[in-house]
Every structure is written in structure tokens, then in C-alpha cells.
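Q: I'm passing along my_file.txt; it holds compact mmCIF, C-alpha atoms.
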```
# COMPACT_ATOMS: atom_id res chain seq x y z
CA MET A 159 8.94 13.41 -218.34
CA LYS A 160 10.69 14.69 -221.44
CA GLN A 161 8.79 15.14 -224.67
CA LEU A 162 9.18 16.20 -228.27
CA LEU A 163 7.23 19.30 -229.24
CA TYR A 164 6.37 18.97 -232.93
CA PHE A 165 5.51 22.41 -234.35
CA SER A 166 3.65 22.24 -237.65
CA ALA A 167 0.90 23.86 -239.72
CA PRO A 168 -1.77 22.45 -242.04
CA TRP A 169 -0.52 24.57 -244.98
CA CYS A 170 3.10 23.39 -244.59
CA GLN A 171 4.10 20.82 -247.24
CA PRO A 172 7.20 19.55 -245.37
CA CYS A 173 4.96 19.09 -242.29
CA LYS A 174 2.78 16.76 -244.34
CA THR A 175 5.88 14.70 -245.10
CA LEU A 176 6.97 14.70 -241.47
CA GLY A 177 3.56 13.76 -240.05
CA PRO A 178 3.81 9.99 -240.71
CA ILE A 179 7.40 9.97 -239.44
CA MET A 180 6.34 11.61 -236.18
CA ASP A 181 3.47 9.12 -235.88
CA GLN A 182 6.06 6.33 -235.94
CA VAL A 183 8.33 8.18 -233.49
CA SER A 184 5.39 8.56 -231.10
CA HIS A 185 5.43 4.79 -230.53
CA GLN A 186 8.81 5.16 -228.80
CA ALA A 187 8.83 8.75 -227.54
CA LYS A 188 6.33 11.21 -226.07
CA VAL A 189 5.32 13.56 -228.91
CA ARG A 190 3.08 16.61 -228.62
CA LYS A 191 1.95 18.11 -231.93
CA ILE A 192 1.43 21.88 -231.90
CA ASN A 193 -0.32 23.73 -234.71
CA VAL A 194 1.45 27.11 -234.90
CA ASP A 195 -1.69 28.75 -236.30
CA ASN A 196 -3.70 27.70 -233.24
CA SER A 197 -0.91 28.20 -230.67
CA PRO A 198 1.20 31.16 -231.78
CA GLU A 199 2.15 31.87 -228.15
CA MET A 200 3.82 28.45 -227.86
CA ALA A 201 5.72 28.99 -231.10
CA SER A 202 6.83 32.41 -229.87
CA HIS A 203 7.83 31.08 -226.44
CA TYR A 204 10.15 28.51 -228.01
CA GLY A 205 11.41 30.83 -230.75
CA VAL A 206 10.04 28.74 -233.61
CA ARG A 207 10.66 30.64 -236.84
CA SER A 208 9.89 27.94 -239.38
CA VAL A 209 7.93 24.72 -239.53
CA PRO A 210 8.38 21.88 -239.12
CA THR A 211 10.45 22.27 -235.97
CA VAL A 212 10.82 19.58 -233.31
CA ILE A 213 12.11 20.57 -229.88
CA LEU A 214 13.06 18.22 -227.07
CA ILE A 215 12.06 19.61 -223.67
CA THR A 216 12.46 18.35 -220.12
CA GLU A 217 9.60 17.99 -217.66
CA MET A 218 10.51 21.52 -216.47
CA GLY A 219 10.12 22.92 -220.00
CA GLU A 220 13.87 23.36 -220.58
CA GLU A 221 14.99 22.92 -224.19
CA LYS A 222 17.51 20.12 -224.67
CA GLY A 223 17.58 19.79 -228.47
CA ARG A 224 16.07 21.12 -231.68
CA LEU A 225 15.75 19.88 -235.26
CA VAL A 226 14.35 22.08 -238.04
CA GLY A 227 12.98 20.68 -241.28
CA VAL A 228 12.26 17.07 -242.15
CA GLN A 229 14.70 14.60 -240.62
CA SER A 230 14.65 10.82 -240.35
CA GLY A 231 12.65 9.19 -237.60
CA GLN A 232 15.92 7.89 -236.20
CA ALA A 233 17.26 11.45 -235.89
CA TYR A 234 14.33 12.37 -233.62
CA LEU A 235 14.69 9.20 -231.58
CA ASP A 236 18.44 9.77 -231.23
CA MET A 237 17.82 13.30 -229.94
CA TYR A 238 15.17 11.99 -227.54
CA ASN A 239 17.29 9.13 -226.21
CA GLN A 240 20.62 10.98 -225.94
CA ASN A 241 19.33 13.87 -223.85
```
Let me see whether you can do it: turn the structure in this file into C-alpha cells.
A:
Amino acid sequence: MKQLLYFSAPWCQPCKTLGPIMDQVSHQAKVRKINVDNSPEMASHYGVRSVPTVILITEMGEEKGRLVGVQSGQAYLDMYNQN
């Protein structure tokens, strides 16, 4: 099952803006929130250099799409549904 990996941090102001958007997206797509401070190995594995970053992965962990910064909820859903 594909999912959106939502990389964020508590100190990140744009992440605070994106949080409610991702909550809405999670009603239509599988979203996994990852705190980069608590999971630096995950951030490193996926090459996350800034937060917020949302990555679409397949059930095998293969990256299929990436959006950096705050986007619209529809942008995340479009990425999720088109891949």
C-alpha cells in the first residue's frame, strides 16, 4: 500500500502550517508523520534536506513523488492519486 511520508519538526513554522492540511489529506490518503528530530535515520535514508517534505512511497519503499515546502492539500492528493 502506498503512503505519504510527511517529514516535519516541532520547531518548523511551515510544518505548523502544513499540519492541518495533512490532517485533511489523511482522510483520503495514508499519511505517516515523521519527526526528523526523533527519526534522523529516516530523513537521511530518503535524502530529506529541509522540512516540511512529503514523499510518496510504494509498499516496497520506492519513492514515486516528492513535494518540499507547504503545498495545497489537493497537490498532495494529486501526487498520491496519480502515482
Q: Work out how far atom CA of Tyr164 of chain A is from atom CA of Asp181 of chain A, in Å to one decimal.
A: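 Taking atom CA of Asp181 of chain A as the start and atom CA of Tyr164 of chain A as the end point, the length is 10.7 Å.
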Q: How far is it from atom CA of Gly177 of chain A to atom CA of Leu162 of chain A, in Å with one decimal?
A: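 That distance, rounded to one decimal, is 13.3 Å.
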Q: What gap, in Å, lies between atom CA of Ala167 of chain A and atom CA of Asp236 of chain A?
A: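 These two atoms are separated by 24.0 Å.
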Q: Find the spatial neighbours of His203 of chain A, counting all atoms listed in the file, within a cut-off of 12 Å - ignore same-chain residues fewer than 2 positions away - and output them as a PyMOL selection string.
A: chain A and resi 165+194+197-201+205-207+213+219-221
Q: Skipping near chain neighbours, those fewer than 2 positions away, what residues fall within 12 Å of Ser184 of chain A using all atoms listed in the file, listed as a ChimeraX atom specification?
A: /A:161-164,177-182,186-191,231-232,234-235,238
Q: Using only C-alpha atoms, which of the listed residues (A:Thr211, A:Thr175, A:Asn239, A:Ser166) sits closest to Asp195 of chain A?
A: A:Ser166
Q: Will you model N, CA and C atoms for segment 196-232 of chain A and pass it back as a tab-separated table (two decimals), in the coordinates of the input?
A:
```
chain	number	residue	atom	x	y	z
A	196	ASN	N	-2.81	27.74	-234.39
A	196	ASN	CA	-3.70	27.70	-233.24
A	196	ASN	C	-3.00	28.06	-231.93
A	197	SER	N	-1.68	27.93	-231.89
A	197	SER	CA	-0.91	28.20	-230.67
A	197	SER	C	0.30	29.09	-230.95
A	198	PRO	N	0.06	30.30	-231.46
A	198	PRO	CA	1.20	31.16	-231.78
A	198	PRO	C	2.03	31.53	-230.55
A	199	GLU	N	1.40	31.53	-229.36
A	199	GLU	CA	2.15	31.87	-228.15
A	199	GLU	C	3.18	30.79	-227.82
A	200	MET	N	2.85	29.53	-228.08
A	200	MET	CA	3.82	28.45	-227.86
A	200	MET	C	4.99	28.56	-228.83
A	201	ALA	N	4.67	28.83	-230.09
A	201	ALA	CA	5.72	28.99	-231.10
A	201	ALA	C	6.64	30.15	-230.72
A	202	SER	N	6.05	31.24	-230.28
A	202	SER	CA	6.83	32.41	-229.87
A	202	SER	C	7.68	32.09	-228.65
A	203	HIS	N	7.10	31.42	-227.68
A	203	HIS	CA	7.83	31.08	-226.44
A	203	HIS	C	9.09	30.28	-226.74
A	204	TYR	N	9.00	29.35	-227.68
A	204	TYR	CA	10.15	28.51	-228.01
A	204	TYR	C	10.97	29.03	-229.19
A	205	GLY	N	10.62	30.23	-229.68
A	205	GLY	CA	11.41	30.83	-230.75
A	205	GLY	C	11.34	30.09	-232.07
A	206	VAL	N	10.20	29.48	-232.35
A	206	VAL	CA	10.04	28.74	-233.61
A	206	VAL	C	9.83	29.74	-234.74
A	207	ARG	N	10.72	29.71	-235.72
A	207	ARG	CA	10.66	30.64	-236.84
A	207	ARG	C	10.25	29.98	-238.14
A	208	SER	N	10.32	28.66	-238.18
A	208	SER	CA	9.89	27.94	-239.38
A	208	SER	C	9.36	26.57	-238.95
A	209	VAL	N	8.50	26.04	-239.80
A	209	VAL	CA	7.93	24.72	-239.53
A	209	VAL	C	8.29	23.79	-240.69
A	210	PRO	N	8.49	22.53	-240.43
A	210	PRO	CA	8.38	21.88	-239.12
A	210	PRO	C	9.62	22.09	-238.26
A	211	THR	N	9.39	22.21	-236.97
A	211	THR	CA	10.45	22.27	-235.97
A	211	THR	C	10.07	21.30	-234.86
A	212	VAL	N	11.04	20.51	-234.42
A	212	VAL	CA	10.82	19.58	-233.31
A	212	VAL	C	11.82	19.93	-232.22
A	213	ILE	N	11.29	20.16	-231.02
A	213	ILE	CA	12.11	20.57	-229.88
A	213	ILE	C	11.96	19.54	-228.77
A	214	LEU	N	13.07	19.11	-228.22
A	214	LEU	CA	13.06	18.22	-227.07
A	214	LEU	C	13.07	19.08	-225.81
A	215	ILE	N	12.09	18.87	-224.93
A	215	ILE	CA	12.06	19.61	-223.67
A	215	ILE	C	12.02	18.64	-222.50
A	216	THR	N	12.52	19.11	-221.36
A	216	THR	CA	12.46	18.35	-220.12
A	216	THR	C	11.10	18.55	-219.48
A	217	GLU	N	10.85	17.84	-218.38
A	217	GLU	CA	9.60	17.99	-217.66
A	217	GLU	C	9.45	19.41	-217.10
A	218	MET	N	10.55	20.14	-216.96
A	218	MET	CA	10.51	21.52	-216.47
A	218	MET	C	10.37	22.53	-217.62
A	219	GLY	N	10.28	22.05	-218.85
A	219	GLY	CA	10.12	22.92	-220.00
A	219	GLY	C	11.43	23.45	-220.58
A	220	GLU	N	12.55	22.92	-220.10
A	220	GLU	CA	13.87	23.36	-220.58
A	220	GLU	C	14.20	22.68	-221.90
A	221	GLU	N	14.63	23.47	-222.87
A	221	GLU	CA	14.99	22.92	-224.19
A	221	GLU	C	16.30	22.17	-224.11
A	222	LYS	N	16.30	20.94	-224.66
A	222	LYS	CA	17.51	20.12	-224.67
A	222	LYS	C	18.00	19.78	-226.08
A	223	GLY	N	17.18	20.08	-227.09
A	223	GLY	CA	17.58	19.79	-228.47
A	223	GLY	C	16.54	20.33	-229.43
A	224	ARG	N	16.97	20.55	-230.68
A	224	ARG	CA	16.07	21.12	-231.68
A	224	ARG	C	16.50	20.63	-233.06
A	225	LEU	N	15.52	20.24	-233.86
A	225	LEU	CA	15.75	19.88	-235.26
A	225	LEU	C	14.73	20.64	-236.10
A	226	VAL	N	15.21	21.30	-237.15
A	226	VAL	CA	14.35	22.08	-238.04
A	226	VAL	C	14.32	21.40	-239.40
A	227	GLY	N	13.13	21.34	-239.99
A	227	GLY	CA	12.98	20.68	-241.28
A	227	GLY	C	12.69	19.21	-241.10
A	228	VAL	N	12.57	18.51	-242.19
A	228	VAL	CA	12.26	17.07	-242.15
A	228	VAL	C	13.54	16.28	-241.96
A	229	GLN	N	13.57	15.48	-240.92
A	229	GLN	CA	14.70	14.60	-240.62
A	229	GLN	C	14.18	13.17	-240.62
A	230	SER	N	15.07	12.22	-240.45
A	230	SER	CA	14.65	10.82	-240.35
A	230	SER	C	14.05	10.57	-238.97
A	231	GLY	N	13.21	9.57	-238.89
A	231	GLY	CA	12.65	9.19	-237.60
A	231	GLY	C	13.75	8.87	-236.60
A	232	GLN	N	14.81	8.25	-237.08
A	232	GLN	CA	15.92	7.89	-236.20
A	232	GLN	C	16.59	9.13	-235.62
```
